[in-house]
Amino acid sequence: GEDVEQSLFLSVREGDSSVINCTYTDSSSTYLYWYKQEPGAGLQLLTYIFSNMDMKQDQRLTVLLNKKDKHLSLRIADTQTGDSAIYFCAERGATNKLIFGTGTLLAVQP
Amino acid sequence: DAGVIQSPRHEVTEMGQEVTLRCKPISGHNSLFWYRQTMMRGLELLIYFNNNVPIDDSGMPEDRFSAKMPNASFSTLKIQPSEPRDSAVYFCASSPRALVSQPQHFGDGTRLSIL
């Protein structure tokens, strides 16, 4: 079945880069997404990447996709305290549903 | 632009009561999704609609849960009778079309507590 895994927690210092990793099992995944969830709020779409791409950059965000290893990462440059949140990786494949990872809690230390 | 609007934001009720959660998708979006988020199970898709028609309800936990979409601008998720294990945050999301290229936009959720 489809499964998406993430590490549960990441702590970085303000100004450093953060790298959040995700692995998935569905080889038919077509799009992969990163969402951000702040306390008490819904999920906010940050960025997404089509499976035939290996990199996408959007301002401070860089998404890397290794399709062979089914590994996705989100790099946040110059991490700020406002980036503290839970980050969800999600994949969309043949079933046309979004399968979410467990989420990674990013804590940014001032 | 208004995003996905959910109501109520918070609901506390006693077990056995009927609970109705409401969602207004983004105007022009014709796909709507209901999710449940818990610490133990993360985010689970319960059901989704295309053009007001339920497409996949395989995530609905049991018959106590039902969802309707009477028109393009409104959907409800009903739990009857409610149980303490239904306590969770319920999210509604919408997208322009249920195609893989269209991202889903989420509401702020309804925090449901069943006592």
# chains A, B, ... in the order shown; residues from 1 in each chain; ligands from 1
>>> residues_around(residues="B:His105", least_positions_apart="6", cutoff="9 Å", atoms="only C-alpha atoms", output="list in words")
Gly42, Leu43, Gln44 and Leu45 of chain A; Gly3, Val4, Pro25, Ile26, Cys92, Ala93, Ser94 and Ser95 of chain B
>>> closest_atom_pairs(of="chain B", to="chain A", cutoff="6 Å", atoms="only C-alpha atoms", output="tab-separated table")
residue	atom	partner	partner_atom	distance
B:Gly42	CA	A:Thr102	CA	5.6
B:Phe106	CA	A:Leu43	CA	5.6
B:Gly107	CA	A:Gly42	CA	5.5
B:Asp108	CA	A:Gly42	CA	4.0
B:Gly109	CA	A:Gly42	CA	5.9
>>> write_last_selection(atoms="all heavy atoms", output="compact mmCIF listing (two decimals), in the first residue's frame")
# COMPACT_ATOMS: atom_id res chain seq x y z
N GLY B 42 -2.62 10.51 12.49
CA GLY B 42 -2.24 11.56 11.54
C GLY B 42 -3.43 12.03 10.74
O GLY B 42 -4.56 12.07 11.25
N PHE B 106 -6.87 23.97 2.25
CA PHE B 106 -7.50 23.52 3.48
C PHE B 106 -8.18 24.65 4.24
O PHE B 106 -7.68 25.79 4.25
CB PHE B 106 -6.46 22.87 4.39
CG PHE B 106 -6.09 21.46 4.00
CD1 PHE B 106 -5.31 21.22 2.89
CD2 PHE B 106 -6.54 20.39 4.75
CE1 PHE B 106 -4.97 19.93 2.51
CE2 PHE B 106 -6.20 19.09 4.39
CZ PHE B 106 -5.42 18.85 3.27
N GLY B 107 -9.27 24.30 4.92
CA GLY B 107 -9.85 25.20 5.91
C GLY B 107 -9.07 25.11 7.22
O GLY B 107 -8.11 24.34 7.34
N ASP B 108 -9.49 25.90 8.20
CA ASP B 108 -8.79 25.93 9.49
C ASP B 108 -9.22 24.80 10.42
O ASP B 108 -8.66 24.66 11.50
CB ASP B 108 -9.01 27.28 10.18
CG ASP B 108 -8.19 28.38 9.54
OD1 ASP B 108 -7.18 28.06 8.88
OD2 ASP B 108 -8.55 29.56 9.71
N GLY B 109 -10.21 24.02 10.02
CA GLY B 109 -10.57 22.84 10.79
C GLY B 109 -11.62 23.10 11.85
O GLY B 109 -11.86 24.24 12.28
>>> residues_around(residues="A:Asp54", least_positions_apart="5", cutoff="7 Å", atoms="only C-alpha atoms", output="ChimeraX atom specification")
/A:64-66
>>> residues_around(residues="A:Asp58", least_positions_apart="4", cutoff="10 Å", atoms="only C-alpha atoms", output="PDB file with C-alpha atoms, in the first residue's frame")
ATOM      1  CA  LEU A  46       3.977  25.578   0.435  1.00  0.00           C
ATOM      2  CA  THR A  47       5.097  24.038  -2.815  1.00  0.00           C
ATOM      3  CA  THR A  62      14.155  24.198  -2.339  1.00  0.00           C
ATOM      4  CA  VAL A  63      12.548  20.845  -3.035  1.00  0.00           C
ATOM      5  CA  ILE A  76      14.410  26.134   4.051  1.00  0.00           C
TER       6      ILE A  76
END
>>> closest_residue(among="A:Gln109, A:Ala85, A:Lys70, A:Thr79", to="A:Ser27", atoms="only C-alpha atoms")
A:Lys70
>>> select_by_dssp(residues="stretch 17-61 of chain B", states="strand (DSSP E or B)", output="PyMOL selection string")
chain B and resi 19-24+31-38+42-50+53-56
>>> residues_around(residues="A:Leu74", least_positions_apart="4", cutoff="9 Å", atoms="only C-alpha atoms", output="list in words")
Ser18, Val19, Ile20, Asn21, Cys22, Trp34, Leu61, Thr62, Val63, Leu64 and Cys89 of chain A
>>> write_last_selection(atoms="N, CA, C and O atoms", output="compact mmCIF listing (two decimals), in the first residue's frame")
# COMPACT_ATOMS: atom_id res chain seq x y z
N SER A 18 17.30 24.54 7.19
CA SER A 18 16.58 23.36 7.68
C SER A 18 16.38 22.42 6.52
O SER A 18 16.06 22.86 5.41
N VAL A 19 16.52 21.14 6.76
CA VAL A 19 16.23 20.15 5.73
C VAL A 19 15.29 19.11 6.33
O VAL A 19 15.64 18.42 7.29
N ILE A 20 14.12 19.02 5.75
CA ILE A 20 13.10 18.07 6.21
C ILE A 20 12.98 16.99 5.16
O ILE A 20 12.82 17.28 3.97
N ASN A 21 13.08 15.75 5.60
CA ASN A 21 13.10 14.62 4.68
C ASN A 21 11.81 13.81 4.71
O ASN A 21 11.11 13.76 5.72
N CYS A 22 11.58 13.13 3.60
CA CYS A 22 10.35 12.35 3.44
C CYS A 22 10.65 11.19 2.49
O CYS A 22 11.35 11.37 1.49
N TRP A 34 4.46 19.73 -0.28
CA TRP A 34 4.82 20.11 1.08
C TRP A 34 3.78 21.09 1.61
O TRP A 34 3.50 22.11 0.96
N LEU A 61 12.71 28.33 -0.33
CA LEU A 61 12.39 26.89 -0.33
C LEU A 61 13.02 26.20 -1.54
O LEU A 61 12.91 26.68 -2.66
N THR A 62 13.64 25.05 -1.27
CA THR A 62 14.16 24.20 -2.34
C THR A 62 13.65 22.79 -2.10
O THR A 62 13.82 22.24 -1.00
N VAL A 63 13.03 22.22 -3.11
CA VAL A 63 12.55 20.84 -3.04
C VAL A 63 13.45 19.99 -3.91
O VAL A 63 13.71 20.33 -5.06
N LEU A 64 13.92 18.90 -3.34
CA LEU A 64 14.71 17.93 -4.09
C LEU A 64 13.97 16.61 -4.13
O LEU A 64 13.45 16.15 -3.10
N CYS A 89 4.67 16.19 4.30
CA CYS A 89 4.91 15.73 2.95
C CYS A 89 3.67 14.95 2.52
O CYS A 89 3.04 14.27 3.34
>>> closest_residue(among="B:Ser87, B:Asn30, B:Thr13, B:Ser7", to="B:Pro54", atoms="only C-alpha atoms")
B:Asn30
>>> closest_residue(among="A:Lys67, A:Asn52, A:Asp78, A:Ser11", to="A:Thr25", atoms="only C-alpha atoms")
A:Lys67
>>> closest_residue(among="B:Ile5, B:Met40, B:Met60, B:Ile47", to="B:Ser73", atoms="only C-alpha atoms")
B:Ile5
>>> residues_around(residues="B:Thr76", least_positions_apart="2", cutoff="12 Å", atoms="only C-alpha atoms", output="PyMOL selection string")
chain B and resi 5-8+19-25+32-34+47-49+52+65-74+78-79+90-92+110
>>> write_last_selection(atoms="C-alpha atoms", output="PDB file, in the first residue's frame")
ATOM      1  CA  ILE B   5     -14.608  28.116   5.477  1.00  0.00           C
ATOM      2  CA  GLN B   6     -15.454  25.598   8.164  1.00  0.00           C
ATOM      3  CA  SER B   7     -17.876  25.857  11.049  1.00  0.00           C
ATOM      4  CA  PRO B   8     -17.941  25.566  13.930  1.00  0.00           C
ATOM      5  CA  VAL B  19     -22.610  16.367  15.480  1.00  0.00           C
ATOM      6  CA  THR B  20     -22.745  18.274  12.192  1.00  0.00           C
ATOM      7  CA  LEU B  21     -19.664  19.885  10.706  1.00  0.00           C
ATOM      8  CA  ARG B  22     -20.004  22.328   7.849  1.00  0.00           C
ATOM      9  CA  CYS B  23     -17.785  23.394   4.990  1.00  0.00           C
ATOM     10  CA  LYS B  24     -17.943  26.034   2.289  1.00  0.00           C
ATOM     11  CA  PRO B  25     -15.344  25.362  -0.414  1.00  0.00           C
ATOM     12  CA  LEU B  32     -14.138  18.716  -1.897  1.00  0.00           C
ATOM     13  CA  PHE B  33     -12.364  16.556   0.649  1.00  0.00           C
ATOM     14  CA  TRP B  34     -13.007  15.745   4.305  1.00  0.00           C
ATOM     15  CA  ILE B  47     -14.393  11.083   1.727  1.00  0.00           C
ATOM     16  CA  TYR B  48     -14.152  13.243  -1.353  1.00  0.00           C
ATOM     17  CA  PHE B  49     -16.636  14.676  -3.830  1.00  0.00           C
ATOM     18  CA  ASN B  52     -21.134  17.270  -5.598  1.00  0.00           C
ATOM     19  CA  PHE B  65     -20.371   8.927   9.752  1.00  0.00           C
ATOM     20  CA  SER B  66     -22.125  10.412   6.749  1.00  0.00           C
ATOM     21  CA  ALA B  67     -21.318  13.263   4.385  1.00  0.00           C
ATOM     22  CA  LYS B  68     -23.396  15.207   1.922  1.00  0.00           C
ATOM     23  CA  MET B  69     -22.811  17.885  -0.645  1.00  0.00           C
ATOM     24  CA  PRO B  70     -26.210  19.258  -1.689  1.00  0.00           C
ATOM     25  CA  ASN B  71     -24.684  21.960  -3.870  1.00  0.00           C
ATOM     26  CA  ALA B  72     -21.355  23.277  -5.069  1.00  0.00           C
ATOM     27  CA  SER B  73     -20.932  25.677  -2.165  1.00  0.00           C
ATOM     28  CA  PHE B  74     -21.777  23.566   0.852  1.00  0.00           C
ATOM     29  CA  LYS B  78     -22.378  14.235  10.294  1.00  0.00           C
ATOM     30  CA  ILE B  79     -21.601  11.879  13.150  1.00  0.00           C
ATOM     31  CA  TYR B  90     -11.742  17.627  11.059  1.00  0.00           C
ATOM     32  CA  PHE B  91     -10.520  19.456   7.975  1.00  0.00           C
ATOM     33  CA  CYS B  92     -12.279  20.270   4.781  1.00  0.00           C
ATOM     34  CA  THR B 110     -13.174  22.000  13.406  1.00  0.00           C
TER      35      THR B 110
END
>>> atom_distance(atom1="atom CA of B:His10", atom2="atom CA of B:Leu46")
19.2 Å
>>> closest_residue(among="B:Ser75, B:Ser113, B:Gln37, B:Asn50", to="B:Arg97", atoms="only C-alpha atoms")
B:Asn50
